[in-house]
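The file final-v4.pdb comes next; it holds PDB, C-alpha atoms, pLDDT in the B column.
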ATOM      1  CA  MET A   6     128.408  79.959  62.250  1.00 58.00           C
ATOM      2  CA  ARG A   7     125.728  78.430  64.446  1.00 69.00           C
ATOM      3  CA  LEU A   8     126.989  80.543  67.326  1.00 64.00           C
ATOM      4  CA  PHE A   9     126.285  83.752  65.378  1.00 66.00           C
ATOM      5  CA  GLN A  10     122.765  82.575  64.522  1.00 69.00           C
ATOM      6  CA  TYR A  11     122.146  81.751  68.157  1.00 67.00           C
ATOM      7  CA  LEU A  12     123.432  85.171  69.295  1.00 65.00           C
ATOM      8  CA  SER A  13     121.346  87.057  66.719  1.00 70.00           C
ATOM      9  CA  GLN A  14     118.212  85.202  67.856  1.00 72.00           C
ATOM     10  CA  TRP A  15     119.026  86.004  71.497  1.00 77.00           C
ATOM     11  CA  LYS A  16     119.603  89.666  70.603  1.00 76.00           C
ATOM     12  CA  SER A  17     116.176  90.005  68.952  1.00 77.00           C
ATOM     13  CA  LYS A  18     114.451  88.256  71.874  1.00 79.00           C
ATOM     14  CA  ALA A  19     116.226  90.515  74.381  1.00 80.00           C
ATOM     15  CA  LYS A  20     115.247  93.581  72.370  1.00 84.00           C
ATOM     16  CA  ASP A  21     111.582  92.445  72.329  1.00 85.00           C
ATOM     17  CA  GLY A  22     111.707  91.771  76.084  1.00 85.00           C
ATOM     18  CA  ILE A  23     113.100  95.226  76.825  1.00 89.00           C
ATOM     19  CA  GLN A  24     110.452  96.882  74.633  1.00 91.00           C
ATOM     20  CA  GLN A  25     107.672  94.955  76.411  1.00 91.00           C
ATOM     21  CA  SER A  26     109.129  95.863  79.826  1.00 91.00           C
ATOM     22  CA  LEU A  27     109.237  99.551  78.869  1.00 92.00           C
ATOM     23  CA  LEU A  28     105.612  99.391  77.713  1.00 93.00           C
ATOM     24  CA  ILE A  29     104.548  97.857  81.024  1.00 94.00           C
ATOM     25  CA  ALA A  30     106.578 100.458  82.972  1.00 93.00           C
ATOM     26  CA  LYS A  31     104.898 103.297  81.032  1.00 92.00           C
ATOM     27  CA  PHE A  32     101.471 101.825  81.735  1.00 93.00           C
ATOM     28  CA  LEU A  33     102.221 101.518  85.464  1.00 94.00           C
ATOM     29  CA  CYS A  34     103.443 105.130  85.571  1.00 92.00           C
ATOM     30  CA  LEU A  35     100.257 106.295  83.850  1.00 92.00           C
ATOM     31  CA  LEU A  36      98.174 104.232  86.270  1.00 90.00           C
ATOM     32  CA  HIS A  37      99.995 105.734  89.271  1.00 92.00           C
ATOM     33  CA  VAL A  38      99.551 109.327  88.064  1.00 90.00           C
ATOM     34  CA  THR A  39      95.890 108.762  87.191  1.00 89.00           C
ATOM     35  CA  ASN A  40      95.109 107.075  90.506  1.00 86.00           C
ATOM     36  CA  ASN A  41      96.892 109.633  92.706  1.00 85.00           C
ATOM     37  CA  TYR A  42      96.349 112.913  90.866  1.00 89.00           C
ATOM     38  CA  VAL A  43      93.313 112.613  88.570  1.00 90.00           C
ATOM     39  CA  PHE A  44      90.716 110.159  89.894  1.00 90.00           C
ATOM     40  CA  SER A  45      90.554 106.935  91.877  1.00 90.00           C
ATOM     41  CA  PRO A  46      88.073 104.423  93.273  1.00 91.00           C
ATOM     42  CA  VAL A  47      87.668 104.557  97.062  1.00 90.00           C
ATOM     43  CA  MET A  48      85.836 102.211  99.451  1.00 91.00           C
ATOM     44  CA  VAL A  49      83.966 104.077 102.209  1.00 91.00           C
ATOM     45  CA  TYR A  50      81.823 102.792 105.042  1.00 86.00           C
ATOM     46  CA  GLY A  51      80.358 103.893 108.366  1.00 86.00           C
ATOM     47  CA  PRO A  52      77.285 105.612 109.782  1.00 89.00           C
ATOM     48  CA  SER A  53      78.269 109.283 109.412  1.00 87.00           C
ATOM     49  CA  MET A  54      76.909 109.740 105.868  1.00 89.00           C
ATOM     50  CA  LEU A  55      73.658 107.786 106.271  1.00 88.00           C
ATOM     51  CA  PRO A  56      71.308 107.795 104.353  1.00 89.00           C
ATOM     52  CA  THR A  57      73.402 109.106 101.419  1.00 87.00           C
ATOM     53  CA  LEU A  58      75.998 106.322 101.694  1.00 88.00           C
ATOM     54  CA  ASN A  59      75.440 102.754 102.892  1.00 86.00           C
ATOM     55  CA  LEU A  60      76.543 101.685 106.353  1.00 84.00           C
ATOM     56  CA  THR A  61      78.143  98.503 105.004  1.00 85.00           C
ATOM     57  CA  GLY A  62      80.165 100.300 102.351  1.00 85.00           C
ATOM     58  CA  ASP A  63      80.152 101.910  98.933  1.00 90.00           C
ATOM     59  CA  VAL A  64      82.788 102.265  96.244  1.00 92.00           C
ATOM     60  CA  LEU A  65      83.036 105.883  95.101  1.00 94.00           C
ATOM     61  CA  LEU A  66      84.825 107.445  92.142  1.00 92.00           C
ATOM     62  CA  VAL A  67      86.766 110.407  93.525  1.00 93.00           C
ATOM     63  CA  GLU A  68      88.489 113.101  91.455  1.00 94.00           C
ATOM     64  CA  HIS A  69      91.533 114.899  92.857  1.00 92.00           C
ATOM     65  CA  VAL A  70      91.673 117.984  90.610  1.00 91.00           C
ATOM     66  CA  SER A  71      88.861 120.136  92.083  1.00 89.00           C
ATOM     67  CA  PRO A  72      90.556 120.693  95.469  1.00 89.00           C
ATOM     68  CA  LEU A  73      93.722 121.866  93.707  1.00 87.00           C
ATOM     69  CA  LEU A  74      91.778 124.336  91.543  1.00 88.00           C
ATOM     70  CA  ASP A  75      89.484 125.547  94.374  1.00 85.00           C
ATOM     71  CA  LYS A  76      86.435 124.232  92.510  1.00 90.00           C
ATOM     72  CA  LEU A  77      84.563 123.007  95.595  1.00 93.00           C
ATOM     73  CA  GLY A  78      81.343 124.376  96.998  1.00 91.00           C
ATOM     74  CA  PRO A  79      78.637 123.837  99.598  1.00 93.00           C
ATOM     75  CA  GLY A  80      76.853 120.536  99.100  1.00 92.00           C
ATOM     76  CA  ASP A  81      79.851 118.721  97.598  1.00 93.00           C
ATOM     77  CA  VAL A  82      80.723 115.360  99.154  1.00 94.00           C
ATOM     78  CA  ILE A  83      84.476 115.218  99.727  1.00 95.00           C
ATOM     79  CA  LEU A  84      87.231 113.012 101.100  1.00 94.00           C
ATOM     80  CA  VAL A  85      89.211 114.641 103.903  1.00 94.00           C
ATOM     81  CA  ARG A  86      92.303 113.526 105.772  1.00 92.00           C
ATOM     82  CA  SER A  87      91.187 113.334 109.405  1.00 90.00           C
ATOM     83  CA  PRO A  88      92.713 116.060 111.607  1.00 88.00           C
ATOM     84  CA  ASP A  89      92.609 113.593 114.536  1.00 88.00           C
ATOM     85  CA  ASN A  90      94.237 110.653 112.765  1.00 88.00           C
ATOM     86  CA  PRO A  91      96.214 111.476 109.586  1.00 87.00           C
ATOM     87  CA  ARG A  92      96.167 107.789 108.573  1.00 92.00           C
ATOM     88  CA  LYS A  93      92.381 107.939 108.289  1.00 91.00           C
ATOM     89  CA  THR A  94      90.326 109.493 105.484  1.00 91.00           C
ATOM     90  CA  VAL A  95      86.718 110.503 106.129  1.00 92.00           C
ATOM     91  CA  THR A  96      83.839 111.289 103.788  1.00 93.00           C
ATOM     92  CA  LYS A  97      81.768 114.390 104.605  1.00 94.00           C
ATOM     93  CA  ARG A  98      79.673 117.087 102.953  1.00 95.00           C
ATOM     94  CA  ILE A  99      80.796 120.721 102.681  1.00 95.00           C
ATOM     95  CA  ILE A 100      78.359 122.965 104.545  1.00 94.00           C
ATOM     96  CA  GLY A 101      80.270 126.246 104.398  1.00 92.00           C
ATOM     97  CA  MET A 102      83.232 127.779 102.592  1.00 93.00           C
ATOM     98  CA  GLU A 103      85.670 130.426 103.849  1.00 91.00           C
ATOM     99  CA  GLY A 104      83.850 133.613 104.795  1.00 91.00           C
ATOM    100  CA  ASP A 105      80.471 131.877 105.191  1.00 90.00           C
ATOM    101  CA  THR A 106      78.548 132.023 108.452  1.00 93.00           C
ATOM    102  CA  VAL A 107      77.337 128.573 109.474  1.00 91.00           C
ATOM    103  CA  THR A 108      74.678 127.771 112.050  1.00 90.00           C
ATOM    104  CA  PHE A 109      74.633 124.294 113.539  1.00 87.00           C
ATOM    105  CA  LEU A 110      73.299 122.262 116.461  1.00 84.00           C
ATOM    106  CA  ALA A 111      76.053 122.059 119.082  1.00 78.00           C
ATOM    107  CA  ASP A 112      75.034 118.580 120.299  1.00 77.00           C
ATOM    108  CA  PRO A 113      71.865 117.358 118.573  1.00 78.00           C
ATOM    109  CA  SER A 114      71.398 114.373 120.900  1.00 77.00           C
ATOM    110  CA  LYS A 115      71.443 116.471 124.100  1.00 80.00           C
ATOM    111  CA  SER A 116      70.122 119.948 123.299  1.00 78.00           C
ATOM    112  CA  ASP A 117      68.496 122.214 120.740  1.00 82.00           C
ATOM    113  CA  ARG A 118      71.129 124.937 121.178  1.00 85.00           C
ATOM    114  CA  TYR A 119      72.330 126.491 117.924  1.00 88.00           C
ATOM    115  CA  ILE A 120      75.752 128.067 117.421  1.00 86.00           C
ATOM    116  CA  SER A 121      76.784 130.401 114.587  1.00 90.00           C
ATOM    117  CA  LEU A 122      80.310 131.140 113.483  1.00 91.00           C
ATOM    118  CA  LYS A 123      82.235 132.423 110.494  1.00 94.00           C
ATOM    119  CA  VAL A 124      84.460 129.991 108.570  1.00 93.00           C
ATOM    120  CA  PRO A 125      88.031 131.367 108.526  1.00 94.00           C
ATOM    121  CA  LYS A 126      90.096 131.884 105.374  1.00 95.00           C
ATOM    122  CA  GLY A 127      91.581 128.691 103.937  1.00 92.00           C
ATOM    123  CA  HIS A 128      89.072 126.443 105.740  1.00 94.00           C
ATOM    124  CA  VAL A 129      85.773 124.680 105.095  1.00 95.00           C
ATOM    125  CA  TRP A 130      82.980 123.557 107.396  1.00 94.00           C
ATOM    126  CA  ILE A 131      82.103 119.890 106.923  1.00 94.00           C
ATOM    127  CA  GLN A 132      79.386 117.711 108.398  1.00 92.00           C
ATOM    128  CA  GLY A 133      78.163 114.173 107.951  1.00 90.00           C
ATOM    129  CA  ASP A 134      74.608 113.707 106.730  1.00 89.00           C
ATOM    130  CA  ASN A 135      73.818 111.709 109.886  1.00 88.00           C
ATOM    131  CA  ILE A 136      74.387 114.419 112.510  1.00 85.00           C
ATOM    132  CA  TYR A 137      73.819 111.962 115.382  1.00 86.00           C
ATOM    133  CA  ALA A 138      76.717 109.678 114.389  1.00 85.00           C
ATOM    134  CA  SER A 139      79.273 111.965 112.756  1.00 86.00           C
ATOM    135  CA  LYS A 140      82.507 113.408 114.054  1.00 87.00           C
ATOM    136  CA  ASP A 141      82.901 116.529 111.955  1.00 87.00           C
ATOM    137  CA  SER A 142      83.449 120.289 112.164  1.00 88.00           C
ATOM    138  CA  ARG A 143      81.017 120.522 115.081  1.00 87.00           C
ATOM    139  CA  GLN A 144      83.660 118.758 117.214  1.00 87.00           C
ATOM    140  CA  LEU A 145      86.851 119.467 115.213  1.00 88.00           C
ATOM    141  CA  GLY A 146      86.183 123.042 114.110  1.00 88.00           C
ATOM    142  CA  PRO A 147      86.796 124.361 110.588  1.00 93.00           C
ATOM    143  CA  ILE A 148      88.923 122.022 108.458  1.00 93.00           C
ATOM    144  CA  PRO A 149      91.939 123.366 106.504  1.00 93.00           C
ATOM    145  CA  CYS A 150      91.468 123.106 102.726  1.00 92.00           C
ATOM    146  CA  GLY A 151      94.857 121.397 102.493  1.00 91.00           C
ATOM    147  CA  LEU A 152      93.374 118.288 104.134  1.00 93.00           C
ATOM    148  CA  ILE A 153      90.844 117.805 101.313  1.00 94.00           C
ATOM    149  CA  SER A 154      92.013 114.968  99.085  1.00 93.00           C
ATOM    150  CA  GLY A 155      89.177 114.730  96.577  1.00 93.00           C
ATOM    151  CA  LYS A 156      85.603 115.361  95.490  1.00 95.00           C
ATOM    152  CA  VAL A 157      83.191 112.456  95.087  1.00 94.00           C
ATOM    153  CA  LEU A 158      81.838 112.187  91.540  1.00 93.00           C
ATOM    154  CA  TYR A 159      79.905 108.896  91.452  1.00 91.00           C
ATOM    155  CA  ARG A 160      78.949 105.923  93.527  1.00 92.00           C
ATOM    156  CA  VAL A 161      79.984 102.898  91.440  1.00 92.00           C
ATOM    157  CA  TRP A 162      79.147 100.065  93.855  1.00 86.00           C
ATOM    158  CA  PRO A 163      76.673  98.605  94.684  1.00 85.00           C
ATOM    159  CA  PRO A 164      75.318  98.561  91.137  1.00 83.00           C
ATOM    160  CA  GLU A 165      71.728  99.346  92.130  1.00 87.00           C
ATOM    161  CA  CYS A 166      72.913 102.635  93.684  1.00 82.00           C
ATOM    162  CA  PHE A 167      75.150 103.689  90.755  1.00 88.00           C
ATOM    163  CA  GLY A 168      75.026 107.414  90.057  1.00 82.00           C
ATOM    164  CA  SER A 169      76.194 110.834  91.122  1.00 84.00           C
ATOM    165  CA  LEU A 170      75.849 112.038  94.704  1.00 80.00           C
TER     166      LEU A 170
END
How does this structure look as structure tokens?
Amino acid sequence: MRLFQYLSQWKSKAKDGIQQSLLIAKFLCLLHVTNNYVFSPVMVYGPSMLPTLNLTGDVLLVEHVSPLLDKLGPGDVILVRSPDNPRKTVTKRIIGMEGDTVTFLADPSKSDRYISLKVPKGHVWIQGDNIYASKDSRQLGPIPCGLISGKVLYRVWPPECFGSL
């Protein structure tokens, strides 16, 4: 008799444990989908986007839907997988979309020579806000849209700089 009571208690505890585990698994799945396909926080640092972003680092809220729906435009700050190093993600501003003609300084530190070119289909022209310390489309050429991983919505850290870009 006591054995049956013990087994029935164990059965209810096991059932509760399985339900809690399923709840946690569902939450982790939702977190994964949200972080990879909807929006995510990203830490960025470096001199290429000075003065818009801090040299020592900012935490940005990045949404991943706009690149999939072609809802990007000139002036948007985006995250791009680096064509040079696919393990690296860079933050730049869109200067021109496909079909646009862009004019830029070839090497701002050495000359005042301007170059104009048309952005090919399926590509964007990106540049850092600090043209003296940015490796961007001026060196790499037009960037394929498939390398864009997200559009920056807000700066969330440091708190005194919170807001949209």
Exercise. Skipping near chain neighbours, those fewer than 3 positions away, what residues fall within 10 Å of Lys140 in chain A using all atoms listed in the file, listed as number ranges by chain?
Worked result: A: 53, 87, 95, 97, 131-133, 135-137, 143-145
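As for CA of Asn59 in chain A and CA of Val38 in chain A, they are spaced 29.1 Å apart.
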Exercise. Of the candidates A:Cys150, A:Thr94, A:Leu170, A:Val67, which shows the shortest atom-to-atom distance to Tyr50 in chain A, using only C-alpha atoms?
Worked result: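 Ranking A:Cys150, A:Thr94, A:Leu170, A:Val67 by distance to Tyr50 in chain A, first place goes to A:Thr94.
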Exercise. Separation of CA of Leu35 in chain A and CA of Arg160 in chain A, in Å?
Worked result: 23.4 Å
Problem set entry | Ground truth for the PyMOL selection byres ((chain A and resi 102) around 9), written as a VMD selection string | chain A and resid 77 to 79 99 to 101 103 to 106 124 to 130
Exercise. Please, what distance in Å, to one decimal, runs between CA of Gly80 in chain A and CA of Ser169 in chain A?
Worked result: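 For CA of Gly80 in chain A relative to CA of Ser169 in chain A, the distance reads 12.6 Å.
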Tell me which protein, DNA and RNA residues are within 12 Å of Val49 in chain A, counting only C-alpha atoms, leaving out same-chain ones fewer than 4 positions away, and put them as a PDB file with C-alpha atoms, keeping the file's coordinate frame.
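Final output, result_24.pdb:
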ATOM      1  CA  SER A  53      78.269 109.283 109.412  1.00 87.00           C
ATOM      2  CA  MET A  54      76.909 109.740 105.868  1.00 89.00           C
ATOM      3  CA  LEU A  55      73.658 107.786 106.271  1.00 88.00           C
ATOM      4  CA  THR A  57      73.402 109.106 101.419  1.00 87.00           C
ATOM      5  CA  LEU A  58      75.998 106.322 101.694  1.00 88.00           C
ATOM      6  CA  ASN A  59      75.440 102.754 102.892  1.00 86.00           C
ATOM      7  CA  LEU A  60      76.543 101.685 106.353  1.00 84.00           C
ATOM      8  CA  THR A  61      78.143  98.503 105.004  1.00 85.00           C
ATOM      9  CA  GLY A  62      80.165 100.300 102.351  1.00 85.00           C
ATOM     10  CA  ASP A  63      80.152 101.910  98.933  1.00 90.00           C
ATOM     11  CA  VAL A  64      82.788 102.265  96.244  1.00 92.00           C
ATOM     12  CA  LEU A  65      83.036 105.883  95.101  1.00 94.00           C
ATOM     13  CA  LEU A  66      84.825 107.445  92.142  1.00 92.00           C
ATOM     14  CA  VAL A  67      86.766 110.407  93.525  1.00 93.00           C
ATOM     15  CA  ILE A  83      84.476 115.218  99.727  1.00 95.00           C
ATOM     16  CA  LEU A  84      87.231 113.012 101.100  1.00 94.00           C
ATOM     17  CA  VAL A  85      89.211 114.641 103.903  1.00 94.00           C
ATOM     18  CA  LYS A  93      92.381 107.939 108.289  1.00 91.00           C
ATOM     19  CA  THR A  94      90.326 109.493 105.484  1.00 91.00           C
ATOM     20  CA  VAL A  95      86.718 110.503 106.129  1.00 92.00           C
ATOM     21  CA  THR A  96      83.839 111.289 103.788  1.00 93.00           C
ATOM     22  CA  LYS A  97      81.768 114.390 104.605  1.00 94.00           C
ATOM     23  CA  VAL A 157      83.191 112.456  95.087  1.00 94.00           C
ATOM     24  CA  ARG A 160      78.949 105.923  93.527  1.00 92.00           C
ATOM     25  CA  VAL A 161      79.984 102.898  91.440  1.00 92.00           C
ATOM     26  CA  TRP A 162      79.147 100.065  93.855  1.00 86.00           C
ATOM     27  CA  PRO A 163      76.673  98.605  94.684  1.00 85.00           C
TER      28      PRO A 163
END
For this session: Determine, counting only C-alpha atoms, which protein, DNA and RNA residues have an atom within 7 Å of an atom of range 117-122 of chain A; residues of the same chain fewer than 4 positions away are not included. Present the result as a VMD selection string.
Result: chain A and resid 106 to 111 113
For this session: Using only C-alpha atoms, pick whichever of A:Asp75, A:Asp141, A:Glu68, A:Asp21 has the shortest atom-to-atom distance to Pro88 in chain A.
Result: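 The answer is A:Asp141, which sits nearest to Pro88 in chain A.
Nearest to Leu74 in chain A of all the residues A:Cys34, A:Lys115, A:Lys156, A:Gly146 is A:Lys156, counting only C-alpha atoms.
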5 Å per side around range 40-53 of chain A: axis-aligned box centre and edge lengths, as AutoDock Vina command-line options:
--center_x 87.1 --center_y 107.6 --center_z 99.2 --size_x 29.6 --size_y 20.7 --size_z 31.2
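Checking A:Ser26, A:Arg86, A:Asp134, A:Glu165 one by one against Pro149 in chain A, counting only C-alpha atoms, you find the shortest gap at A:Arg86.
With only C-alpha atoms as the atoms that count, the minimum distance from Arg92 in chain A to the choices A:Gly51, A:Gly168, A:Ser116, A:Leu152 is reached by A:Leu152.
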For this session: Give the answer as one residue: which of A:Pro72, A:Pro56, A:Gly22, A:Pro147 has the shortest atom-to-atom distance to Val43 in chain A, using all atoms listed in the file?
Result: A:Pro72
